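So this block is input_35.txt, compact mmCIF, C-alpha atoms:
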# COMPACT_ATOMS: atom_id res chain seq x y z
CA MET B 1 24.40 -26.84 -13.18
CA VAL B 2 20.75 -26.03 -12.58
CA ILE B 3 20.37 -23.99 -9.40
CA LEU B 4 16.63 -23.38 -9.45
CA THR B 5 14.00 -25.90 -10.50
CA VAL B 6 10.32 -25.24 -11.11
CA ASP B 7 9.51 -26.57 -7.64
CA GLN B 8 12.16 -24.36 -6.07
CA ALA B 9 10.86 -21.33 -7.94
CA LYS B 10 7.44 -22.04 -6.45
CA GLN B 11 9.05 -22.47 -3.04
CA TRP B 12 10.80 -19.14 -3.52
CA MET B 13 7.44 -17.41 -3.97
CA ILE B 14 5.92 -19.30 -1.03
CA GLU B 15 8.84 -18.38 1.27
CA SER B 16 8.67 -14.77 0.11
CA GLN B 17 4.99 -14.71 1.01
CA LYS B 18 5.69 -16.16 4.48
CA LYS B 19 8.35 -13.57 5.22
CA LEU B 20 6.28 -10.68 3.90
CA VAL B 21 3.26 -11.74 5.93
CA GLU B 22 5.45 -12.23 9.01
CA HIS B 23 6.94 -8.75 8.60
CA LYS B 24 3.79 -7.01 7.43
CA GLU B 25 3.65 -4.75 10.49
CA GLN B 26 7.30 -3.76 10.17
CA LEU B 27 6.90 -2.84 6.48
CA THR B 28 3.78 -0.88 7.28
CA THR B 29 5.53 1.01 10.08
CA LEU B 30 8.44 1.88 7.78
CA ASP B 31 6.03 3.05 5.10
CA GLN B 32 3.98 5.10 7.56
CA ALA B 33 7.12 7.07 8.39
CA ILE B 34 7.84 8.22 4.83
CA GLY B 35 5.13 6.92 2.51
CA ASP B 36 1.42 6.12 2.47
CA GLY B 37 1.60 3.28 4.95
CA ASP B 38 0.28 0.50 2.75
CA HIS B 39 3.47 -1.35 1.82
CA GLY B 40 3.10 -4.17 4.37
CA ILE B 41 -0.51 -4.81 3.47
CA ASN B 42 0.15 -4.55 -0.26
CA MET B 43 3.11 -6.93 -0.25
CA ALA B 44 1.48 -9.48 2.05
CA ARG B 45 -1.71 -9.45 0.02
CA GLY B 46 0.05 -9.45 -3.35
CA PHE B 47 2.25 -12.41 -2.54
CA SER B 48 -0.65 -14.29 -0.94
CA GLU B 49 -2.44 -13.93 -4.27
CA VAL B 50 0.72 -15.16 -6.03
CA VAL B 51 0.85 -18.25 -3.81
CA ASP B 52 -2.87 -18.95 -4.37
CA LYS B 53 -2.26 -18.74 -8.10
CA ILE B 54 0.91 -20.81 -8.38
CA GLU B 55 -0.05 -23.53 -5.88
CA GLY B 56 -2.97 -24.53 -8.04
CA THR B 57 -1.12 -24.38 -11.35
CA GLU B 58 1.27 -26.72 -13.15
CA TYR B 59 4.29 -25.06 -14.70
CA ASP B 60 6.82 -26.35 -17.23
CA THR B 61 9.52 -23.80 -16.60
CA VAL B 62 10.85 -21.39 -13.96
CA ALA B 63 10.15 -18.59 -16.43
CA ASP B 64 6.46 -19.54 -16.40
CA VAL B 65 6.34 -19.42 -12.58
CA LEU B 66 7.91 -15.96 -12.51
CA LYS B 67 5.67 -14.71 -15.30
CA SER B 68 2.62 -15.88 -13.39
CA ALA B 69 3.87 -14.13 -10.25
CA ALA B 70 4.53 -10.97 -12.26
CA MET B 71 1.05 -10.83 -13.73
CA THR B 72 -0.57 -11.45 -10.35
CA LEU B 73 1.48 -8.77 -8.59
CA THR B 74 0.76 -6.25 -11.32
CA ALA B 75 -2.95 -6.95 -11.15
CA LYS B 76 -3.34 -7.22 -7.39
CA VAL B 77 -1.00 -4.71 -5.77
CA GLY B 78 -2.37 -1.18 -5.78
CA GLY B 79 0.73 0.82 -4.86
CA ALA B 80 3.95 1.37 -6.77
CA SER B 81 5.22 -2.02 -5.64
CA GLY B 82 2.76 -3.78 -7.96
CA PRO B 83 4.11 -2.45 -11.24
CA LEU B 84 7.71 -2.39 -9.94
CA TYR B 85 7.88 -5.97 -8.68
CA GLY B 86 5.60 -7.05 -11.51
CA THR B 87 8.02 -5.62 -14.05
CA ALA B 88 11.05 -7.06 -12.25
CA PHE B 89 9.66 -10.61 -12.28
CA LEU B 90 8.35 -10.25 -15.82
CA LYS B 91 11.77 -9.19 -17.11
CA MET B 92 13.38 -12.05 -15.17
CA ALA B 93 10.91 -14.44 -16.78
CA VAL B 94 11.66 -13.11 -20.26
CA SER B 95 15.39 -13.43 -19.59
CA LEU B 96 14.97 -17.07 -18.46
CA GLN B 97 12.61 -18.04 -21.29
CA GLY B 98 13.65 -21.32 -22.87
CA LYS B 99 16.58 -21.78 -20.48
CA GLU B 100 17.49 -23.99 -17.57
CA VAL B 101 18.23 -21.81 -14.56
CA THR B 102 21.97 -22.09 -14.11
CA ALA B 103 23.84 -19.61 -11.92
CA GLU B 104 24.84 -17.62 -15.00
CA ALA B 105 21.26 -17.54 -16.27
CA PHE B 106 20.04 -16.40 -12.87
CA VAL B 107 22.56 -13.57 -12.70
CA ASP B 108 21.44 -12.46 -16.17
CA ALA B 109 17.85 -12.59 -14.95
CA VAL B 110 18.65 -10.38 -11.93
CA ASP B 111 20.26 -7.91 -14.35
CA ALA B 112 17.10 -7.97 -16.45
CA GLY B 113 14.92 -7.46 -13.36
CA LEU B 114 17.11 -4.56 -12.28
CA GLU B 115 16.81 -2.96 -15.70
CA GLY B 116 13.04 -3.42 -15.59
CA ILE B 117 12.80 -1.66 -12.22
CA GLN B 118 14.92 1.19 -13.54
CA THR B 119 12.80 1.62 -16.65
CA ARG B 120 9.52 1.46 -14.74
CA GLY B 121 10.52 3.62 -11.80
CA LYS B 122 13.02 5.92 -13.57
CA ALA B 123 15.27 5.31 -10.58
CA GLU B 124 19.00 5.74 -10.23
CA PHE B 125 21.23 4.30 -7.55
CA GLY B 126 21.12 6.18 -4.24
CA GLU B 127 17.58 7.53 -4.51
CA LYS B 128 16.30 5.50 -1.55
CA THR B 129 14.26 2.94 -3.46
CA LEU B 130 14.19 -0.82 -3.86
CA PHE B 131 16.33 -0.28 -6.96
CA ASP B 132 19.27 0.30 -4.57
CA VAL B 133 18.99 -3.24 -3.18
CA TRP B 134 18.65 -4.87 -6.61
CA TYR B 135 21.57 -2.81 -7.88
CA GLN B 136 23.85 -3.98 -5.08
CA VAL B 137 22.73 -7.60 -5.36
CA ALA B 138 23.45 -7.57 -9.10
CA ALA B 139 26.86 -5.97 -8.50
CA PHE B 140 27.66 -8.60 -5.87
CA LEU B 141 26.64 -11.49 -8.13
CA HIS B 142 28.95 -10.17 -10.85
CA SER B 143 31.89 -9.81 -8.48
CA GLU B 144 31.74 -13.10 -6.54
CA PRO B 145 31.89 -16.78 -7.40
CA TYR B 146 28.42 -18.22 -7.86
CA ASP B 147 28.35 -20.56 -4.87
CA THR B 148 28.15 -17.77 -2.31
CA TRP B 149 24.47 -16.94 -2.58
CA GLU B 150 24.19 -16.28 1.14
CA GLY B 151 26.53 -13.32 0.63
CA ILE B 152 23.50 -11.61 -0.89
CA LEU B 153 22.08 -11.19 2.61
CA GLU B 154 24.99 -9.13 3.92
CA VAL B 155 24.95 -6.97 0.80
CA CYS B 156 21.24 -6.34 1.26
CA GLN B 157 21.60 -5.50 4.94
CA ALA B 158 24.37 -3.01 4.25
CA ILE B 159 22.47 -1.15 1.55
CA ILE B 160 19.23 -1.16 3.56
CA GLU B 161 21.11 0.54 6.39
CA ASP B 162 22.53 3.03 3.84
CA THR B 163 19.03 3.96 2.66
CA ARG B 164 18.36 5.32 6.18
CA GLU B 165 20.58 8.35 5.55
CA MET B 166 19.45 8.94 1.99
CA VAL B 167 17.02 11.64 0.92
CA ALA B 168 14.20 10.03 -1.07
CA LEU B 169 14.07 11.20 -4.66
CA ARG B 170 11.32 8.87 -5.98
CA GLY B 171 7.83 7.92 -4.97
CA ARG B 172 5.63 9.35 -2.26
CA ALA B 173 8.59 9.68 0.13
CA SER B 174 10.21 12.24 -2.21
CA TYR B 175 7.56 14.80 -1.23
CA LEU B 176 9.12 14.80 2.25
CA LYS B 177 12.54 15.80 0.88
CA GLU B 178 15.02 16.15 3.81
CA ARG B 179 12.45 14.76 6.25
CA SER B 180 12.75 11.36 4.57
CA LYS B 181 16.19 11.01 6.16
CA GLY B 182 16.51 8.81 9.23
CA HIS B 183 14.14 6.12 7.99
CA ILE B 184 14.88 2.89 6.14
CA ASP B 185 13.23 2.58 2.72
CA PRO B 186 10.31 0.11 2.95
CA GLY B 187 10.74 -1.15 -0.62
CA SER B 188 14.38 -1.99 0.09
CA MET B 189 13.25 -3.95 3.13
CA SER B 190 10.67 -5.98 1.18
CA SER B 191 13.25 -6.68 -1.55
CA PHE B 192 15.52 -8.05 1.17
CA TYR B 193 12.84 -10.55 2.26
CA ILE B 194 12.42 -11.70 -1.33
CA PHE B 195 16.17 -12.26 -1.78
CA GLN B 196 16.37 -13.87 1.66
CA ALA B 197 13.64 -16.30 0.61
CA PHE B 198 15.65 -17.11 -2.51
CA VAL B 199 18.79 -17.82 -0.48
CA ASP B 200 16.80 -19.96 1.99
CA VAL B 201 15.39 -22.11 -0.81
CA LEU B 202 18.88 -22.68 -2.28
CA GLU B 203 20.29 -23.49 1.16
CA TRP B 204 17.66 -26.19 1.78
CA GLU B 205 18.93 -27.95 -1.28
CA LYS B 206 22.45 -28.09 0.14
CA ALA B 207 21.32 -29.29 3.57
CA MET K 1 -14.47 11.19 -39.40
CA SER K 2 -16.35 9.01 -37.00
CA GLY K 3 -15.59 8.63 -33.34
CA LYS K 4 -13.85 10.87 -30.85
CA VAL K 5 -10.65 10.79 -28.87
CA GLY K 6 -11.21 8.71 -25.73
CA ILE K 7 -10.21 9.83 -22.26
CA VAL K 8 -9.17 7.67 -19.33
CA ILE K 9 -9.05 9.13 -15.81
CA ILE K 10 -6.58 7.19 -13.67
CA SER K 11 -6.66 8.05 -10.00
CA HIS K 12 -5.72 6.36 -6.74
CA SER K 13 -9.13 7.38 -5.47
CA PRO K 14 -12.45 6.30 -7.05
CA GLU K 15 -14.02 9.46 -5.59
CA ILE K 16 -11.52 11.72 -7.34
CA ALA K 17 -12.13 10.03 -10.71
CA LYS K 18 -15.88 10.14 -10.23
CA GLY K 19 -15.69 13.82 -9.32
CA ILE K 20 -13.68 14.74 -12.40
CA HIS K 21 -16.04 12.70 -14.58
CA ALA K 22 -19.03 14.56 -13.12
CA LEU K 23 -17.31 17.89 -13.74
CA ILE K 24 -16.92 16.96 -17.40
CA ASN K 25 -20.45 15.62 -17.78
CA GLN K 26 -21.85 18.90 -16.54
CA VAL K 27 -20.90 20.67 -19.76
CA ILE K 28 -19.62 18.20 -22.30
CA GLU K 29 -21.55 15.52 -24.12
CA GLY K 30 -20.62 12.73 -26.48
CA VAL K 31 -17.02 12.22 -25.41
CA PRO K 32 -15.99 8.71 -24.39
CA VAL K 33 -14.64 9.01 -20.85
CA ALA K 34 -13.85 6.13 -18.50
CA GLU K 35 -12.61 5.98 -14.93
CA ALA K 36 -9.85 3.60 -13.85
CA ALA K 37 -9.55 4.35 -10.18
CA GLY K 38 -8.87 2.48 -6.98
CA THR K 39 -7.73 -1.11 -6.66
CA ASP K 40 -9.82 -4.13 -7.66
CA ASP K 41 -11.23 -4.07 -4.12
CA GLY K 42 -12.11 -0.38 -4.36
CA GLU K 43 -9.28 0.62 -2.01
CA ILE K 44 -6.89 3.52 -2.63
CA GLY K 45 -4.52 2.55 -5.44
CA THR K 46 -4.55 1.84 -9.15
CA SER K 47 -5.05 -1.31 -11.20
CA MET K 48 -3.52 -2.12 -14.54
CA GLU K 49 -6.50 -4.32 -15.40
CA LYS K 50 -8.92 -1.47 -14.77
CA ILE K 51 -6.81 0.78 -16.98
CA LEU K 52 -6.76 -1.80 -19.80
CA LEU K 53 -10.52 -2.17 -19.58
CA ALA K 54 -11.02 1.60 -19.55
CA ILE K 55 -8.90 1.96 -22.70
CA GLU K 56 -11.07 -0.62 -24.49
CA THR K 57 -14.23 1.12 -23.36
CA VAL K 58 -13.31 4.56 -24.74
CA ASP K 59 -11.39 3.57 -27.88
CA GLN K 60 -13.40 4.74 -30.89
CA GLY K 61 -10.48 4.46 -33.29
CA GLN K 62 -9.33 8.07 -32.86
CA GLY K 63 -6.87 7.35 -30.07
CA VAL K 64 -7.03 7.44 -26.30
CA LEU K 65 -5.43 9.87 -23.86
CA MET K 66 -4.80 8.88 -20.25
CA PHE K 67 -4.48 11.22 -17.27
CA TYR K 68 -3.06 10.11 -13.91
CA ASP K 69 -2.68 11.58 -10.45
CA LEU K 70 0.33 10.30 -8.48
CA GLY K 71 3.49 8.38 -9.39
CA SER K 72 2.45 4.75 -9.26
CA ALA K 73 -0.67 5.51 -11.29
CA LYS K 74 1.70 6.45 -14.09
CA MET K 75 3.62 3.17 -13.72
CA ASN K 76 0.40 1.19 -14.10
CA ALA K 77 -0.57 3.39 -17.05
CA GLU K 78 2.77 2.60 -18.70
CA MET K 79 2.27 -1.12 -18.12
CA ALA K 80 -1.22 -0.93 -19.62
CA LEU K 81 0.30 0.88 -22.59
CA GLU K 82 2.61 -2.09 -23.14
CA PHE K 83 -0.21 -4.64 -22.90
CA THR K 84 -3.07 -2.91 -24.71
CA GLU K 85 -4.06 -3.81 -28.24
CA ALA K 86 -5.63 -0.41 -28.91
CA ALA K 87 -3.82 1.43 -31.67
CA ASP K 88 -2.96 4.92 -30.43
CA VAL K 89 -2.88 5.33 -26.68
CA ARG K 90 -0.86 8.04 -24.97
CA ILE K 91 -0.19 9.23 -21.46
CA ALA K 92 -0.65 12.93 -20.75
CA ASP K 93 2.53 13.69 -18.87
CA HIS K 94 3.11 16.62 -16.55
CA VAL K 95 -0.49 17.75 -16.66
CA ALA K 96 -2.69 18.29 -13.62
CA ILE K 97 -5.43 15.67 -13.81
CA VAL K 98 -8.45 17.95 -13.33
CA GLU K 99 -7.43 20.73 -15.71
CA GLY K 100 -5.92 18.34 -18.24
CA THR K 101 -8.91 16.02 -18.41
CA TYR K 102 -11.28 18.95 -18.73
CA VAL K 103 -9.39 20.62 -21.57
CA ALA K 104 -9.02 17.29 -23.38
CA ALA K 105 -12.73 16.55 -23.04
CA VAL K 106 -13.67 19.94 -24.45
CA GLU K 107 -11.34 19.53 -27.41
CA SER K 108 -12.39 15.95 -28.08
CA SER K 109 -16.04 17.04 -28.07
CA ILE K 110 -15.40 19.50 -30.89
CA GLY K 111 -13.66 16.80 -32.92
CA LYS K 112 -10.00 17.67 -32.35
CA THR K 113 -7.47 14.94 -33.10
CA LEU K 114 -5.26 13.30 -30.51
CA ASP K 115 -2.26 15.25 -31.82
CA ASP K 116 -4.17 18.55 -31.51
CA ILE K 117 -5.20 17.77 -27.96
CA VAL K 118 -1.70 16.77 -26.89
CA ALA K 119 -0.40 20.04 -28.38
CA SER K 120 -3.00 22.08 -26.46
CA LEU K 121 -2.03 20.37 -23.23
CA GLU K 122 1.53 21.58 -23.57
CA ARG K 123 0.32 24.99 -22.48
CA LEU K 124 -0.81 23.44 -19.19
CA ALA K 125 2.44 21.62 -18.48
CA ILE K 126 3.65 21.72 -14.90
CA THR K 127 7.32 21.28 -14.23
CA GLU K 128 7.22 19.30 -10.99
CA MET K 129 4.95 16.44 -10.08

Will you turn the file into structure tokens for me?
Amino acid sequence: MVILTVDQAKQWMIESQKKLVEHKEQLTTLDQAIGDGDHGINMARGFSEVVDKIEGTEYDTVADVLKSAAMTLTAKVGGASGPLYGTAFLKMAVSLQGKEVTAEAFVDAVDAGLEGIQTRGKAEFGEKTLFDVWYQVAAFLHSEPYDTWEGILEVCQAIIEDTREMVALRGRASYLKERSKGHIDPGSMSSFYIFQAFVDVLEWEKA
Amino acid sequence: MSGKVGIVIISHSPEIAKGIHALINQVIEGVPVAEAAGTDDGEIGTSMEKILLAIETVDQGQGVLMFYDLGSAKMNAEMALEFTEAADVRIADHVAIVEGTYVAAVESSIGKTLDDIVASLERLAITEM
């Protein structure tokens, strides 16, 4: 069964943009605590560019939508989130190339996105990065039946809370060493909004 | 042998890249050097598109060496590496951007190959960055 159509993929990007714009201040505040303070602005601007691009374009496949988003994010987001999210969506697109997006295909695509983030950011689990959220989401999708997408949200919330007590080992926050403890990782938070947008779009379909 | 090894300065800050470029220009002539610094809007950050363009600008067929400042600059450099059509492009890893760029420019100016330059830079390697 197809779980994500081209229109829904576009909606996913549009919902992501709405959430990231809505929570721009929160992401910025989180990033000011342990990073360079531009995560909210970067994500809101990057996804606004994505929406501008995809709203005016006709796509044949979900893979094409994600590829377009990937290229836009890579080109338009100045911080680490540009290449990281850009790579994640690009690898998802490659994984979905020539396929209908069934649940199985989507899980494979999340795996591919996860691998892309790891390659690009050289991250391991538990280093207080957005990789932690993707890692847990992928693990959840492999362990549960496919009709429980909303379970992703709880998984994300739990790992986001876990990042608070982690010492950052990647990115600008890693320069703070022990001082990075006590703050949630901003990239994990923005990944949550993106997965939340995905779940929302799938839920609309059921309603 | 025609052409020299090209150098790309990737920095989050346009001012840093411009400063390093000026430092090189003071003593070295005839080396293709390009800056890829700041976002498309000139804000602090890096841009893969700028890096791709910079590679094209300095590629004289003898290879291109890229220097970067902080973490995400390297990620964009790696993405550019995957997308570029230039033949031999490398990232100078674990080298301080000012010292590394300067040494590379000197060596390129006297006609050293990309392999030679990369070997020289090993002496400058820093262990943590």

With only C-alpha atoms as the counted atoms, please give the residues lying no more than 6 Å from range 120-127 of chain K, apart from itself and same-chain residues fewer than 3 positions off, as an NGL selection string. :K and (94-95 or 117)

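Distances to Ala96 in chain K were evaluated for K:Met66, K:Glu43, K:Met48, K:Val33 using only C-alpha atoms, and the minimum falls at K:Met66.
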
Counting only C-alpha atoms, the residue of K:Met75, K:Ile91, K:Val118, K:Val31 that sits nearest Thr119 in chain B: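 Going through K:Met75, K:Ile91, K:Val118, K:Val31 one by one, the smallest distance to Thr119 in chain B is for K:Met75.
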
Here is a test: counting only C-alpha atoms, which residue of K:Val64, K:Met79, K:Ala34, K:Ile9 is nearest to chain B? K:Met79

Figure out the distance between CA of Phe106 in chain B and CA of Asp147 in chain B, please, to one decimal in Å.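 Between these atoms lies a distance of 12.3 Å.
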
Using Å and a single decimal, report how far CA of Ala92 in chain K sits from CA of Ala37 in chain K. 16.3 Å

Go through chain K and flag each residue having an atom no more than 9 Å from chain B; for those, report the closest pair of atoms plus their distance in Å to one decimal, using all atoms listed in the file, ordered by chain and rising number, as CSV.
residue,atom,partner,partner_atom,distance
K:His12,CA,B:Gly78,CA,8.3
K:Gly38,CA,B:Gly78,CA,7.6
K:Thr39,CA,B:Gly78,CA,5.4
K:Asp40,CA,B:Lys76,CA,7.2
K:Glu43,CA,B:Gly78,CA,8.1
K:Ile44,CA,B:Gly78,CA,7.2
K:Gly45,CA,B:Gly78,CA,4.3
K:Thr46,CA,B:Gly78,CA,5.0
K:Ser47,CA,B:Ala75,CA,6.0
K:Met48,CA,B:Ala75,CA,5.9
K:Glu49,CA,B:Ala75,CA,6.1
K:Lys50,CA,B:Ala75,CA,8.9
K:Leu70,CA,B:Arg172,CA,8.2
K:Gly71,CA,B:Gly171,CA,6.2
K:Ser72,CA,B:Ala80,CA,4.5
K:Ala73,CA,B:Ala80,CA,7.7
K:Met75,CA,B:Pro83,CA,6.2
K:Asn76,CA,B:Pro83,CA,5.9
K:Glu78,CA,B:Arg120,CA,7.9
K:Met79,CA,B:Pro83,CA,7.2

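Separating CA of Met43 in chain B from CA of Leu73 in chain B is a distance of 8.7 Å.
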
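Distance annotation: of K:Ala104, K:Ala87, K:Ile97, K:Ala36, the residue with the minimal separation from Pro14 in chain K is K:Ala36; atom set is all atoms listed in the file.
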
Please list, as a PyMOL selection string, the residues that have an atom at most 6 Å away from (19.8, -1.2, -0.2) in the coordinates of this file, counting all atoms listed in the file. chain B and resi 132-133+156+159-160+163+188

I want to know what sits within 8 Å of Leu153 in chain B, based on only C-alpha atoms, with residues of the same chain fewer than 3 positions away left out; could you give that as a ChimeraX atom specification? /B:150,156-157,192,195-196

Suppose we keep C-alpha atoms; can you now write the selection as a PDB file, in the coordinates of the input?
ATOM      1  CA  GLU B 150      24.190 -16.280   1.140  1.00  0.00           C
ATOM      2  CA  CYS B 156      21.240  -6.340   1.260  1.00  0.00           C
ATOM      3  CA  GLN B 157      21.600  -5.500   4.940  1.00  0.00           C
ATOM      4  CA  PHE B 192      15.520  -8.050   1.170  1.00  0.00           C
ATOM      5  CA  PHE B 195      16.170 -12.260  -1.780  1.00  0.00           C
ATOM      6  CA  GLN B 196      16.370 -13.870   1.660  1.00  0.00           C
TER       7      GLN B 196
END

So, counting all atoms listed in the file, which residue among K:Glu56, K:Phe67, K:Val27, K:Val106 is closest to Val8 in chain K?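 The closest residue to Val8 in chain K is K:Phe67.
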
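Among the candidate residues K:Val5, K:Asp69, K:Gln62, K:Gln26, the one lying nearest to Gly100 in chain K is K:Asp69, with distances computed using only C-alpha atoms.
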
Give me, as number ranges by chain, all polymer residues having an atom no more than 12 Å from Ala69 in chain B, counting only C-alpha atoms and skipping those fewer than 3 positions away in the same chain. B: 9-10, 12-14, 16-17, 46-55, 57, 59, 62-66, 72-77, 82-83, 85-93

Mind listing as a list in words all residues within 6 Å of (12.6, -18.2, -0.4), counting all atoms listed in the file?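 I get Trp12, Glu15, Ser16, Ala197, Phe198, Asp200 and Val201 of chain B for the residues within 6 Å of that point.
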
Residues from last step as file, C-alpha atoms, as an mmCIF file, in the coordinates of the input:
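Now in out12.cif:
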data_model
loop_
_atom_site.group_PDB
_atom_site.id
_atom_site.type_symbol
_atom_site.label_atom_id
_atom_site.label_comp_id
_atom_site.auth_asym_id
_atom_site.auth_seq_id
_atom_site.Cartn_x
_atom_site.Cartn_y
_atom_site.Cartn_z
ATOM 1 C CA TRP B 12 10.800 -19.140 -3.520
ATOM 2 C CA GLU B 15 8.840 -18.380 1.270
ATOM 3 C CA SER B 16 8.670 -14.770 0.110
ATOM 4 C CA ALA B 197 13.640 -16.300 0.610
ATOM 5 C CA PHE B 198 15.650 -17.110 -2.510
ATOM 6 C CA ASP B 200 16.800 -19.960 1.990
ATOM 7 C CA VAL B 201 15.390 -22.110 -0.810
#

All file atoms of range 74-83 of chain B boxed axis-aligned, 6 Å per side, centre plus edges, as lines of an AutoDock Vina configuration file:
center_x = 0.9
center_y = -2.9
center_z = -8.1
size_x = 20.6
size_y = 20.6
size_z = 18.5

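The neighbours of Asp185 in chain B here are the residues that come within 9 Å of it, using all atoms listed in the file and leaving out any residue fewer than 6 positions away in the same chain; they are Leu30, Asp31, Ile34, Lys128, Thr129, Leu130, Ile160, Glu161, Thr163, Arg164, Met166, Ala168 and Ala173 of chain B.
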
Create the file for the chosen residues now, containing C-alpha atoms and written as a short mmCIF file (atom, residue, chain, number, x, y, z; two decimals), in the coordinates of the input.
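Final output, saved to out_12.cif:
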data_model
loop_
_atom_site.label_atom_id
_atom_site.label_comp_id
_atom_site.auth_asym_id
_atom_site.auth_seq_id
_atom_site.Cartn_x
_atom_site.Cartn_y
_atom_site.Cartn_z
CA LEU B 30 8.44 1.88 7.78
CA ASP B 31 6.03 3.05 5.10
CA ILE B 34 7.84 8.22 4.83
CA LYS B 128 16.30 5.50 -1.55
CA THR B 129 14.26 2.94 -3.46
CA LEU B 130 14.19 -0.82 -3.86
CA ILE B 160 19.23 -1.16 3.56
CA GLU B 161 21.11 0.54 6.39
CA THR B 163 19.03 3.96 2.66
CA ARG B 164 18.36 5.32 6.18
CA MET B 166 19.45 8.94 1.99
CA ALA B 168 14.20 10.03 -1.07
CA ALA B 173 8.59 9.68 0.13
#
